[in-house]
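*Asks:* Got a structure for you, data_3.txt, holding compact mmCIF, C-alpha atoms.
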```
# COMPACT_ATOMS: atom_id res chain seq x y z
CA MET A 15 87.10 74.88 94.60
CA PRO A 16 90.70 73.67 94.29
CA ASP A 17 91.45 69.99 94.81
CA LEU A 18 93.58 69.32 97.87
CA VAL A 19 94.82 65.76 97.59
CA LEU A 20 96.85 63.68 100.03
CA ARG A 21 98.01 60.31 98.68
CA ASP A 22 99.39 57.75 101.14
CA VAL A 23 100.91 60.54 103.19
CA VAL A 24 102.97 59.68 106.25
CA VAL A 25 104.75 62.18 108.50
CA THR A 26 107.38 61.09 110.99
CA ALA A 27 109.28 63.14 113.55
CA PRO A 28 112.37 64.87 112.11
CA GLY A 29 115.38 62.58 112.61
CA ASP A 30 113.32 59.76 114.08
CA ASP A 31 111.35 57.64 111.62
CA ASP A 32 109.99 55.51 114.45
CA VAL A 33 107.88 58.37 115.80
CA VAL A 34 104.88 58.61 113.48
CA ILE A 35 102.99 61.92 113.65
CA LEU A 36 100.58 61.19 110.81
CA ARG A 37 99.76 57.61 109.82
CA PRO A 38 99.14 56.66 106.17
CA THR A 39 96.46 59.07 105.01
CA THR A 40 94.68 59.44 101.69
CA LEU A 41 92.21 62.29 101.33
CA THR A 42 90.68 64.58 98.73
CA LEU A 43 89.29 67.88 99.97
CA THR A 44 87.10 69.74 97.50
CA GLU A 45 84.50 71.30 99.79
CA HIS A 46 84.35 75.05 100.37
CA ARG A 47 84.85 74.79 104.14
CA VAL A 48 86.53 71.82 105.81
CA ALA A 49 87.13 71.59 109.57
CA LEU A 50 89.70 69.43 111.35
CA VAL A 51 88.92 68.67 114.98
CA GLY A 52 90.69 66.50 117.53
CA ALA A 53 92.64 66.49 120.76
CA ASN A 54 95.92 68.36 121.26
CA GLY A 55 98.75 66.39 119.68
CA SER A 56 96.39 64.33 117.51
CA GLY A 57 98.10 65.38 114.27
CA LYS A 58 95.55 67.84 112.90
CA SER A 59 97.98 70.78 112.74
CA THR A 60 100.50 68.58 110.93
CA LEU A 61 97.78 67.64 108.47
CA ALA A 62 96.97 71.33 107.93
CA ARG A 63 100.62 72.33 107.53
CA LEU A 64 101.08 69.72 104.81
CA LEU A 65 98.65 71.66 102.61
CA ASN A 66 100.88 74.75 102.42
CA GLY A 67 104.20 72.89 102.30
CA LEU A 68 105.19 73.99 105.82
CA VAL A 69 105.51 70.30 106.65
CA GLU A 70 106.86 67.94 104.01
CA PRO A 71 105.52 64.38 103.90
CA SER A 72 107.98 61.66 104.88
CA ALA A 73 106.18 59.43 102.37
CA GLY A 74 103.41 60.00 99.84
CA THR A 75 102.44 63.21 98.07
CA VAL A 76 100.32 66.28 98.73
CA THR A 77 99.01 68.27 95.78
CA VAL A 78 97.00 71.44 95.38
CA ASP A 79 95.24 71.41 92.03
CA GLY A 80 97.99 69.12 90.76
CA LEU A 81 100.86 71.22 92.16
CA ASP A 82 103.11 69.17 94.43
CA THR A 83 103.76 70.92 97.76
CA VAL A 84 107.41 69.82 97.74
CA ARG A 85 108.34 70.14 94.06
CA ASP A 86 106.23 73.25 93.39
CA GLY A 87 106.49 74.78 96.86
CA ALA A 88 106.60 78.44 95.78
CA ALA A 89 103.58 78.06 93.48
CA VAL A 90 101.65 76.23 96.20
CA ARG A 91 102.37 78.98 98.76
CA ARG A 92 101.07 81.58 96.31
CA ARG A 93 97.78 79.67 96.17
CA VAL A 94 97.49 78.55 99.80
CA GLY A 95 97.56 81.16 102.57
CA PHE A 96 98.10 80.19 106.20
CA VAL A 97 96.73 81.78 109.37
CA PHE A 98 98.55 80.80 112.56
CA THR A 99 97.24 80.47 116.11
CA ASP A 100 99.48 83.27 117.37
CA PRO A 101 99.26 86.31 115.09
CA GLY A 102 102.22 87.82 116.94
CA ALA A 103 104.52 85.51 115.02
CA GLN A 104 102.80 86.18 111.73
CA LEU A 105 102.85 89.99 111.78
CA VAL A 106 106.38 90.97 110.85
CA MET A 107 106.16 94.68 110.01
CA PRO A 108 105.89 97.57 112.49
CA THR A 109 102.48 98.90 111.45
CA ALA A 110 99.25 97.32 110.18
CA ALA A 111 99.44 98.99 106.76
CA GLU A 112 103.07 97.98 106.29
CA ASP A 113 102.29 94.37 107.15
CA VAL A 114 99.51 94.15 104.58
CA ALA A 115 101.74 96.01 102.08
CA LEU A 116 104.31 93.27 102.59
CA SER A 117 101.82 90.73 101.23
CA LEU A 118 101.32 92.97 98.20
CA ARG A 119 105.02 93.35 97.33
CA ARG A 120 104.88 90.52 94.82
CA THR A 121 102.01 92.00 92.83
CA VAL A 122 102.26 95.78 93.36
CA ARG A 123 105.70 97.23 92.61
CA ASP A 124 105.05 100.91 93.36
CA ALA A 125 105.33 101.71 97.09
CA ALA A 126 102.68 104.49 97.07
CA GLU A 127 100.21 102.29 95.20
CA ARG A 128 101.00 99.45 97.58
CA ARG A 129 100.24 101.66 100.56
CA LEU A 130 96.88 102.73 99.06
CA ARG A 131 95.91 99.14 98.34
CA ALA A 132 96.96 98.07 101.85
CA VAL A 133 94.72 100.70 103.44
CA GLU A 134 91.85 99.60 101.17
CA VAL A 135 92.34 96.00 102.34
CA LEU A 136 92.36 97.14 105.97
CA ASP A 137 89.19 99.17 105.41
CA GLY A 138 87.53 96.01 104.12
CA TYR A 139 88.15 94.31 107.47
CA GLY A 140 87.21 97.28 109.64
CA LEU A 141 90.85 98.00 110.43
CA GLY A 142 91.35 101.11 108.28
CA HIS A 143 91.61 103.40 111.31
CA LEU A 144 94.49 101.26 112.60
CA ALA A 145 96.57 101.47 109.41
CA ASP A 146 99.43 103.38 111.03
CA VAL A 147 99.17 101.88 114.48
CA SER A 148 102.00 99.68 115.76
CA VAL A 149 101.01 96.01 115.49
CA GLN A 150 102.35 95.50 119.01
CA SER A 151 99.67 97.75 120.45
CA LEU A 152 96.73 96.00 118.76
CA SER A 153 94.39 93.73 120.72
CA GLY A 154 94.47 89.96 120.15
CA GLY A 155 91.35 90.08 117.99
CA GLN A 156 92.67 92.98 115.92
CA LYS A 157 95.98 91.19 115.42
CA GLN A 158 94.27 88.02 114.22
CA MET A 159 91.99 89.98 111.88
CA LEU A 160 95.07 91.80 110.55
CA ALA A 161 96.86 88.48 110.04
CA LEU A 162 93.87 87.23 108.05
CA ALA A 163 93.74 90.47 106.03
CA GLY A 164 97.45 90.11 105.27
CA VAL A 165 96.95 86.56 104.04
CA LEU A 166 93.94 87.44 101.90
CA ALA A 167 95.69 90.49 100.42
CA ALA A 168 98.04 88.11 98.63
CA GLY A 169 95.04 86.65 96.78
CA PRO A 170 95.18 82.94 97.69
CA ASP A 171 92.65 80.38 96.48
CA VAL A 172 92.83 78.41 99.73
CA VAL A 173 93.23 79.56 103.33
CA VAL A 174 94.43 77.12 105.97
CA ALA A 175 93.79 78.39 109.51
CA ASP A 176 95.41 76.60 112.43
CA GLU A 177 93.34 77.25 115.57
CA PRO A 178 92.90 80.94 114.71
CA THR A 179 90.46 81.58 117.56
CA THR A 180 92.21 79.72 120.38
CA LEU A 181 93.71 82.88 121.93
CA LEU A 182 90.61 85.03 121.47
CA ASP A 183 87.65 86.01 123.62
CA ARG A 184 84.08 85.08 122.66
CA ARG A 185 83.33 88.24 120.69
CA ASN A 186 86.55 88.06 118.67
CA THR A 187 86.11 84.33 118.16
CA ARG A 188 82.77 85.09 116.55
CA SER A 189 84.06 87.90 114.33
CA ILE A 190 87.11 85.92 113.15
CA GLY A 191 84.95 82.83 112.68
CA ASP A 192 82.41 84.80 110.65
CA ALA A 193 85.17 86.35 108.53
CA LEU A 194 86.70 82.95 107.80
CA LEU A 195 83.42 81.24 106.98
CA SER A 196 82.24 84.05 104.70
CA MET A 197 85.38 84.04 102.51
CA ARG A 198 85.05 83.05 98.88
CA GLN A 199 88.30 81.06 99.25
CA GLN A 200 88.36 77.40 100.17
CA LEU A 201 88.94 77.10 103.92
CA VAL A 202 90.65 74.35 105.89
CA LEU A 203 90.08 75.16 109.53
CA VAL A 204 91.80 73.46 112.46
CA THR A 205 89.73 74.25 115.51
CA HIS A 206 88.62 73.28 119.00
CA ASP A 207 85.52 75.43 118.55
CA LEU A 208 82.93 72.80 117.73
CA ASP A 209 80.24 75.40 116.95
CA LEU A 210 82.53 76.80 114.27
CA ALA A 211 83.34 73.31 112.98
CA ALA A 212 79.66 72.46 112.75
CA ARG A 213 79.16 75.44 110.39
CA CYS A 214 81.62 73.94 107.88
CA ASP A 215 80.68 71.68 104.95
CA ARG A 216 82.78 68.72 106.05
CA VAL A 217 84.44 67.77 109.32
CA LEU A 218 87.37 65.41 109.80
CA VAL A 219 88.01 64.04 113.27
CA VAL A 220 91.71 63.35 113.86
CA ALA A 221 93.01 61.10 116.64
CA ASP A 222 96.38 59.42 117.18
CA GLY A 223 97.72 60.63 113.84
CA GLN A 224 94.87 59.47 111.66
CA VAL A 225 91.47 60.56 110.44
CA VAL A 226 89.03 58.49 112.46
CA HIS A 227 85.85 60.07 111.19
CA ASP A 228 85.05 62.04 108.08
CA GLY A 229 81.75 63.36 106.93
CA ASP A 230 78.67 65.34 107.81
CA PRO A 231 79.56 68.11 110.31
CA ALA A 232 76.79 67.51 112.83
CA GLU A 233 77.43 63.77 112.89
CA ALA A 234 81.23 64.14 113.06
CA VAL A 235 81.06 66.69 115.88
CA ALA A 236 78.58 64.52 117.82
CA ARG A 237 80.81 61.51 117.39
CA TYR A 238 83.89 63.43 118.53
CA CYS A 239 82.03 64.67 121.62
CA ALA A 240 80.84 61.14 122.42
CA GLU A 241 84.39 59.81 122.14
CA VAL A 242 85.75 62.54 124.41
CA ASP A 243 82.99 61.93 126.96
CA ALA A 244 83.62 58.17 126.89
CA SER A 245 87.38 58.47 127.40
CA MET B 28 101.65 94.38 129.09
CA SER B 29 102.47 97.47 127.06
CA ALA B 30 104.97 97.05 124.26
CA PRO B 31 108.31 98.76 124.85
CA VAL B 32 108.82 101.91 122.79
CA THR B 33 112.12 101.72 120.97
CA LEU B 34 114.00 103.86 118.50
CA LEU B 35 113.28 101.22 115.91
CA GLY B 36 109.78 100.91 114.59
CA LEU B 37 109.19 104.55 115.51
CA TYR B 38 107.82 105.48 112.09
CA ARG B 39 105.08 108.11 112.15
CA PRO B 40 103.27 108.74 108.88
CA GLY B 41 103.17 112.36 107.80
CA THR B 42 103.58 114.84 104.99
CA THR B 43 106.49 116.92 106.29
CA VAL B 44 109.46 117.84 104.09
CA LEU B 45 111.43 115.04 105.73
CA HIS B 46 108.70 112.48 105.02
CA ARG B 47 108.81 113.53 101.36
CA THR B 48 112.62 113.51 101.13
CA PRO B 49 113.93 110.39 99.34
CA VAL B 50 115.25 107.81 101.78
CA GLY B 51 118.61 107.68 99.95
CA ALA B 52 119.14 111.40 100.61
CA LYS B 53 118.25 110.97 104.27
CA LEU B 54 120.65 108.08 104.74
CA LEU B 55 123.41 110.01 102.92
CA ALA B 56 122.82 113.04 105.14
CA LEU B 57 122.99 110.80 108.21
CA ALA B 58 126.30 109.35 107.01
CA VAL B 59 127.67 112.87 106.36
CA MET B 60 126.59 113.91 109.84
CA GLY B 61 128.45 110.92 111.26
CA VAL B 62 131.64 112.06 109.52
CA VAL B 63 131.17 115.69 110.61
CA VAL B 64 130.71 114.61 114.23
CA VAL B 65 134.06 112.84 114.12
CA VAL B 66 135.92 115.55 112.18
CA LEU B 67 134.74 118.63 114.11
CA ARG B 68 136.13 118.75 117.64
CA GLY B 69 135.05 120.76 120.65
CA PRO B 70 131.89 121.33 122.65
CA VAL B 71 130.59 124.16 120.44
CA SER B 72 130.41 122.06 117.26
CA GLY B 73 128.82 119.25 119.29
CA LEU B 74 126.13 121.58 120.61
CA VAL B 75 125.53 123.02 117.12
CA LEU B 76 125.06 119.53 115.69
CA LEU B 77 122.72 118.64 118.53
CA GLY B 78 120.76 121.80 117.74
CA VAL B 79 120.56 120.72 114.09
CA ALA B 80 119.28 117.27 115.14
CA VAL B 81 116.62 118.82 117.42
CA LEU B 82 115.59 121.11 114.56
CA LEU B 83 115.28 118.11 112.23
CA ALA B 84 113.17 116.27 114.82
CA ALA B 85 110.87 119.29 115.03
CA LEU B 86 110.74 119.51 111.23
CA GLY B 87 109.85 115.81 110.97
CA ARG B 88 107.25 116.16 113.78
CA THR B 89 108.52 113.05 115.52
CA GLY B 90 106.58 113.94 118.68
CA THR B 91 108.46 115.24 121.74
CA ARG B 92 107.07 112.82 124.32
CA ARG B 93 107.31 109.78 122.04
CA THR B 94 110.86 110.62 120.97
CA LEU B 95 111.99 111.23 124.55
CA ARG B 96 110.46 107.92 125.64
CA ALA B 97 112.26 106.09 122.88
CA LEU B 98 115.52 107.92 123.65
CA ARG B 99 115.32 107.21 127.39
CA PRO B 100 117.82 104.31 127.41
CA ILE B 101 120.29 106.37 125.38
CA LEU B 102 119.80 109.34 127.72
CA LEU B 103 120.73 107.11 130.64
CA VAL B 104 123.88 105.99 128.79
CA ALA B 105 124.63 109.65 127.97
CA VAL B 106 124.36 110.65 131.64
CA VAL B 107 126.72 107.86 132.75
CA LEU B 108 129.13 108.54 129.88
CA GLY B 109 129.03 112.29 130.54
CA GLY B 110 129.77 111.72 134.21
CA ILE B 111 132.81 109.59 133.43
CA GLN B 112 134.12 112.09 130.86
CA LEU B 113 133.56 114.94 133.29
CA TRP B 114 135.53 113.15 135.97
CA ARG B 115 138.35 112.05 133.64
CA PHE B 116 138.73 114.95 131.16
CA GLY B 117 136.64 117.90 132.35
CA PRO B 118 133.50 119.73 131.17
CA PRO B 119 134.41 120.53 127.50
CA VAL B 120 135.07 116.87 126.60
CA ALA B 121 131.98 115.69 128.54
CA VAL B 122 129.77 118.17 126.69
CA GLU B 123 131.30 117.23 123.32
CA VAL B 124 130.93 113.45 123.83
CA VAL B 125 127.35 113.65 125.11
CA ALA B 126 126.28 116.15 122.44
CA ASP B 127 127.87 114.08 119.66
CA LEU B 128 126.18 110.89 120.88
CA LEU B 129 122.75 112.47 121.26
CA SER B 130 122.90 114.37 117.96
CA LEU B 131 123.71 111.20 116.00
CA VAL B 132 121.10 109.05 117.76
CA LEU B 133 118.47 111.76 117.38
CA ALA B 134 119.28 112.24 113.68
CA ALA B 135 118.99 108.46 113.13
CA THR B 136 115.69 108.52 115.01
CA VAL B 137 114.42 111.25 112.69
CA VAL B 138 115.29 109.03 109.70
CA THR B 139 113.38 106.03 111.12
CA ALA B 140 110.47 108.19 112.28
CA THR B 141 109.99 109.72 108.84
CA THR B 142 110.68 106.61 106.72
CA ALA B 143 108.35 103.61 106.48
CA VAL B 144 110.10 100.24 106.77
CA ASP B 145 108.57 99.30 103.42
CA THR B 146 110.29 102.32 101.81
CA MET B 147 113.53 101.47 103.58
CA VAL B 148 113.36 97.90 102.24
CA ASP B 149 112.92 99.25 98.71
CA ALA B 150 115.91 101.58 99.14
CA ILE B 151 118.16 98.88 100.57
CA ALA B 152 117.11 96.48 97.80
CA ARG B 153 118.01 99.12 95.18
CA ALA B 154 121.36 99.82 96.87
CA CYS B 155 122.11 96.09 96.97
CA GLY B 156 121.20 95.72 93.28
CA PRO B 157 124.82 95.05 92.17
CA LEU B 158 124.91 92.02 94.50
CA ARG B 159 122.57 90.27 92.08
CA ARG B 160 125.59 89.60 89.84
CA LEU B 161 127.10 87.62 92.73
CA GLY B 162 123.96 85.51 93.03
CA VAL B 163 122.65 87.38 96.06
CA SER B 164 119.00 88.43 96.09
CA PRO B 165 118.85 92.17 96.98
CA GLU B 166 115.21 91.76 98.07
CA ARG B 167 116.22 89.04 100.48
CA VAL B 168 119.08 91.12 101.95
CA ALA B 169 116.76 94.12 102.39
CA PHE B 170 114.07 91.98 103.94
CA ALA B 171 116.56 90.37 106.34
CA MET B 172 117.61 93.86 107.48
CA ALA B 173 114.00 94.91 107.98
CA LEU B 174 113.31 91.75 109.98
CA THR B 175 116.36 92.39 112.15
CA ILE B 176 115.03 95.86 112.93
CA ARG B 177 111.60 94.40 113.69
CA ALA B 178 113.12 91.66 115.89
CA ILE B 179 114.68 94.09 118.39
CA PRO B 180 111.43 95.29 120.03
CA GLN B 181 110.13 91.70 119.91
CA VAL B 182 113.17 90.44 121.83
CA LEU B 183 112.69 93.24 124.36
CA GLU B 184 109.07 92.15 124.73
CA VAL B 185 110.14 88.53 125.31
CA ALA B 186 112.69 89.73 127.89
CA ALA B 187 110.01 91.72 129.75
CA GLU B 188 107.60 88.75 129.74
CA THR B 189 110.34 86.40 130.95
CA ARG B 190 111.29 88.80 133.74
CA GLN B 191 107.65 88.94 134.88
CA ALA B 192 107.33 85.14 134.76
CA ALA B 193 110.50 84.76 136.86
CA ARG B 194 109.24 87.36 139.32
CA ALA B 195 105.88 85.56 139.62
CA ARG B 196 107.79 82.45 140.72
CA GLY B 197 110.08 84.39 143.06
CA LEU B 198 113.10 83.70 140.86
CA GLU B 199 113.90 87.26 139.74
CA ARG B 200 117.45 87.00 141.14
CA ASP B 201 118.22 83.68 139.45
CA PRO B 202 120.06 84.39 136.16
CA ARG B 203 119.17 80.91 134.84
CA ALA B 204 115.46 81.60 135.35
CA LEU B 205 115.85 84.72 133.21
CA LEU B 206 118.39 83.72 130.58
CA VAL B 207 117.37 80.16 129.68
CA PRO B 208 113.66 80.81 129.11
CA MET B 209 114.46 84.03 127.27
CA VAL B 210 116.80 82.26 124.84
CA VAL B 211 114.38 79.35 124.39
CA ARG B 212 111.42 81.68 123.80
CA THR B 213 113.39 83.93 121.45
CA VAL B 214 114.49 80.94 119.37
CA GLY B 215 110.93 79.59 119.46
CA ARG B 216 109.56 82.91 118.26
CA ALA B 217 112.21 83.12 115.54
CA ARG B 218 111.16 79.67 114.31
CA ALA B 219 107.49 80.66 114.38
CA THR B 220 108.29 83.83 112.43
CA GLY B 221 110.28 81.75 109.95
CA ASP B 222 107.27 79.46 109.50
CA ALA B 223 105.00 82.47 109.02
CA LEU B 224 107.33 84.00 106.43
CA ALA B 225 107.57 80.70 104.59
CA ALA B 226 103.78 80.37 104.67
CA ARG B 227 103.46 83.85 103.13
CA GLY B 228 105.87 82.81 100.38
CA LEU B 229 108.37 85.53 101.32
CA GLY B 230 111.76 84.58 100.04
CA ASP B 231 110.35 82.31 97.34
CA ASP B 232 111.03 84.85 94.57
```
Before anything else, please render the file you have as structure tokens.

*Replies:*
Amino acid sequence: MPDLVLRDVVVTAPGDDDVVILRPTTLTLTEHRVALVGANGSGKSTLARLLNGLVEPSAGTVTVDGLDTVRDGAAVRRRVGFVFTDPGAQLVMPTAAEDVALSLRRTVRDAAERRLRAVEVLDGYGLGHLADVSVQSLSGGQKQMLALAGVLAAGPDVVVADEPTTLLDRRNTRSIGDALLSMRQQLVLVTHDLDLAARCDRVLVVADGQVVHDGDPAEAVARYCAEVDAS
Amino acid sequence: MSAPVTLLGLYRPGTTVLHRTPVGAKLLALAVMGVVVVVLRGPVSGLVLLGVAVLLAALGRTGTRRTLRALRPILLVAVVLGGIQLWRFGPPVAVEVVADLLSLVLAATVVTATTAVDTMVDAIARACGPLRRLGVSPERVAFAMALTIRAIPQVLEVAAETRQAARARGLERDPRALLVPMVVRTVGRARATGDALAARGLGDD
């Protein structure tokens, strides 16, 4: 698995250094599946966005297999895919096949070949029959699965998913969760779904802009629950 | 809430002659039609051009109901415009103006309905190739155009959602309750889309 390394990373609010979003953090993530859990506004999404270069550290460095997310941003984004909470913002083309084809533009130059490959990718996620359907008419679960398919079509080594099941019903939560956890790629999953977090290899609990617990999933989840219950 | 059907994003995959025609030829034909509409005067030429556009729509199998639904806003404009022309200049001018408008919009619809956005992006990128010498990325220009096209139905969706939210609070007659949230949400969505594009590495090349 790739090495995701944060060294003395601090993130402050844009234009206001006094507002600290992420306190000094040093971490190395090498496990296949890592979950980040914590309350809303705790800083876990900021931590996740650092890994793809969507958020730049105010201090310190973030590297993906030695590539700096600021200096080598383009190379990092080729290796680290990102799945957002709201797939509506992520799907930018009119139809499912065209959106996946967009991810393939860098690697497949011929449009007809790209279309064939896009449909193959969709078939792999049970979305082949929706290839030419408008993305606006897809259900929430189908949109999120399509967003994931689009990310994976680009061939990343790491997938960062920021609360990908928050807007979904139970059935879709399970199918997206299963798809994420069965990927060969390294996964960094921000989630409020503690069952999903417990199925990961490592769980980080984030609170007030810092990692307050890091370790065995069952223990970390239990500790997070105890803290929530006590507060 | 169902997504609004618009002229843009109307693409229907198919194997008709028009689907197989190169996008450059289709855009050229559309431009020629635009010139012809302006050059030829009178209601007869307008009706002939409208007939040609209807024929093209049938040839491209754009789907009668779907096309009419997408054209509905333009049909409303055509009715109002036709009424004004009828009142001001009489029936021949009204027929000509309405026929010209509908024939051009329908012909453009046929182009979008028979051309995938991906193909359009390729064509625009090729056409913008010379801009590379000026330091402009043709891919980026083409992609910006495609995103603009994609943004129109999204903005309409945001407008519909905002209208419903205002109505739910009994504020449907308050322009601030419609305009402010719509602008804020549109900007928010644009930022989210920008983040998503950056995350997918689009624009890095």

*Asks:* With a distance cut-off of 10 Å and all atoms listed in the file, select the neighbouring residues of Val84 of chain A, excluding the residue or stretch itself and same-chain residues fewer than 4 positions from it, and output the selection as a list in words.

*Replies:*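 The residues satisfying every condition are Leu64, Asn66, Gly67, Leu68, Val69, Glu70, Pro71, Thr75, Val76, Thr77, Ala88 and Val90 of chain A.
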
*Asks:* Just need the residues of chain B within 7 Å of chain A, counting all atoms listed in the file, so spit them out as a list in words.

*Replies:*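 Residues of chain B within 7 Å of chain A, counting all atoms listed in the file: Ala30, Gly36, Pro40, Asp145, Thr146, Arg177, Arg216, Ala219, Thr220, Asp222, Ala223, Ala226, Arg227, Gly228 and Asp231 of chain B.
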
*Asks:* Write out, as a compact mmCIF listing (two decimals), keeping the file's coordinate frame, the residues just selected, with C-alpha atoms.

*Replies:*
```txt
# COMPACT_ATOMS: atom_id res chain seq x y z
CA ALA B 30 104.97 97.05 124.26
CA GLY B 36 109.78 100.91 114.59
CA PRO B 40 103.27 108.74 108.88
CA ASP B 145 108.57 99.30 103.42
CA THR B 146 110.29 102.32 101.81
CA ARG B 177 111.60 94.40 113.69
CA ARG B 216 109.56 82.91 118.26
CA ALA B 219 107.49 80.66 114.38
CA THR B 220 108.29 83.83 112.43
CA ASP B 222 107.27 79.46 109.50
CA ALA B 223 105.00 82.47 109.02
CA ALA B 226 103.78 80.37 104.67
CA ARG B 227 103.46 83.85 103.13
CA GLY B 228 105.87 82.81 100.38
CA ASP B 231 110.35 82.31 97.34
```

*Asks:* Might I get the box with edges along x, y and z of the file that holds all atoms of segment 115-130 of chain A listed there, padded by 5 Å on every side, given as centre and edge lengths in Å to one decimal, as JSON?

*Replies:*
```
{"center_x": 101.3, "center_y": 97.5, "center_z": 97.6, "size_x": 18.8, "size_y": 24.0, "size_z": 20.0}
```

*Asks:* Between B:Thr48, B:Thr213, B:Thr91, B:Ser130, which residue has the minimum interatomic distance to Val185 of chain B, considering only C-alpha atoms?

*Replies:*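 Closest candidate: B:Thr213.
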
*Asks:* Please list as a ChimeraX atom specification every residue within 7 Å of segment 71-77 of chain B, counting only C-alpha atoms and excluding residues in the same chain fewer than 5 positions away.

*Replies:* /B:123,126-127,129-130

*Asks:* Out of A:Leu118, A:Val235, A:Ile190, A:Leu43, which residue has the shortest atom-to-atom distance to Leu166 of chain A when counting all atoms listed in the file?

*Replies:*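 Once distances to Leu166 of chain A are computed over all atoms listed in the file, the minimum belongs to A:Leu118.
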
*Asks:* Distance atom CA of Glu233 of chain A-atom CA of Pro38 of chain A, one decimal place?

*Replies:*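 Rounded to one decimal, the two atoms are 23.8 Å apart.
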
*Asks:* Quote the spacing between atom CA of Thr121 of chain A and atom CA of Met159 of chain A in Å to one decimal place.

*Replies:*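 Distance reported for this atom pair: 21.6 Å.
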
*Asks:* Report the distance between atom CA of Glu45 of chain A and atom CA of Asp243 of chain A in Å, rounded to one decimal place.

*Replies:* 28.8 Å

*Asks:* Is it possible to get the residues within 8 Å of (84.4, 66.5, 112.5) (coordinates as in the file, counting only C-alpha atoms) written as a list in words?

*Replies:* Ala49, Leu50, Val51, Ala211, Ala212, Arg216, Val217, Leu218, Val219, His227, Asp228, Gly229, Asp230, Pro231, Ala232, Glu233, Ala234, Val235, Arg237 and Tyr238 of chain A

*Asks:* The selected residues should be written to file as a tab-separated table (two decimals), keeping the file's coordinate frame (atoms: C-alpha atoms).

*Replies:*
```
chain	number	residue	atom	x	y	z
A	49	ALA	CA	87.13	71.59	109.57
A	50	LEU	CA	89.70	69.43	111.35
A	51	VAL	CA	88.92	68.67	114.98
A	211	ALA	CA	83.34	73.31	112.98
A	212	ALA	CA	79.66	72.46	112.75
A	216	ARG	CA	82.78	68.72	106.05
A	217	VAL	CA	84.44	67.77	109.32
A	218	LEU	CA	87.37	65.41	109.80
A	219	VAL	CA	88.01	64.04	113.27
A	227	HIS	CA	85.85	60.07	111.19
A	228	ASP	CA	85.05	62.04	108.08
A	229	GLY	CA	81.75	63.36	106.93
A	230	ASP	CA	78.67	65.34	107.81
A	231	PRO	CA	79.56	68.11	110.31
A	232	ALA	CA	76.79	67.51	112.83
A	233	GLU	CA	77.43	63.77	112.89
A	234	ALA	CA	81.23	64.14	113.06
A	235	VAL	CA	81.06	66.69	115.88
A	237	ARG	CA	80.81	61.51	117.39
A	238	TYR	CA	83.89	63.43	118.53
```

*Asks:* When distances are computed from all atoms listed in the file, which of B:Val79, B:Val125, B:Ala225, B:Val138 shows the smallest separation from Val44 of chain B?

*Replies:*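 Using all atoms listed in the file, Val44 of chain B sits closest to B:Val138.
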
*Asks:* Nearest to Arg198 of chain A: which of A:Ala244, A:Gly169, A:Asp183, A:Leu61 is it, counting only C-alpha atoms?

*Replies:*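 Once distances to Arg198 of chain A are computed over only C-alpha atoms, the minimum belongs to A:Gly169.
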
*Asks:* Kindly indicate which residue among B:Ala135, B:Leu206, B:Ile111, B:Ala154 lies nearest to Ala56 of chain B, using only C-alpha atoms for the distances.

*Replies:*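 Selected residue with least distance to Ala56 of chain B: B:Ala135.
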
*Asks:* Find the residues around segment 79-81 of chain A up to 6 Å (only C-alpha atoms counted), leave out those fewer than 2 positions away in its own chain, and share them as a list in words.

*Replies:*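 Near neighbours after the sequence-gap exclusion: Pro16, Asp17, Thr77 and Asp86 of chain A.
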
*Asks:* Would you please work out which residue, of A:Asp215, A:Glu134, A:Asp82, A:Asp22, is nearest to Thr44 of chain A when using only C-alpha atoms?

*Replies:* A:Asp215

*Asks:* Using all atoms listed in the file, which residues sit within 10 Å of Met172 of chain B once same-chain residues fewer than 3 positions away are excluded, as a count of residues only?

*Replies:* 12
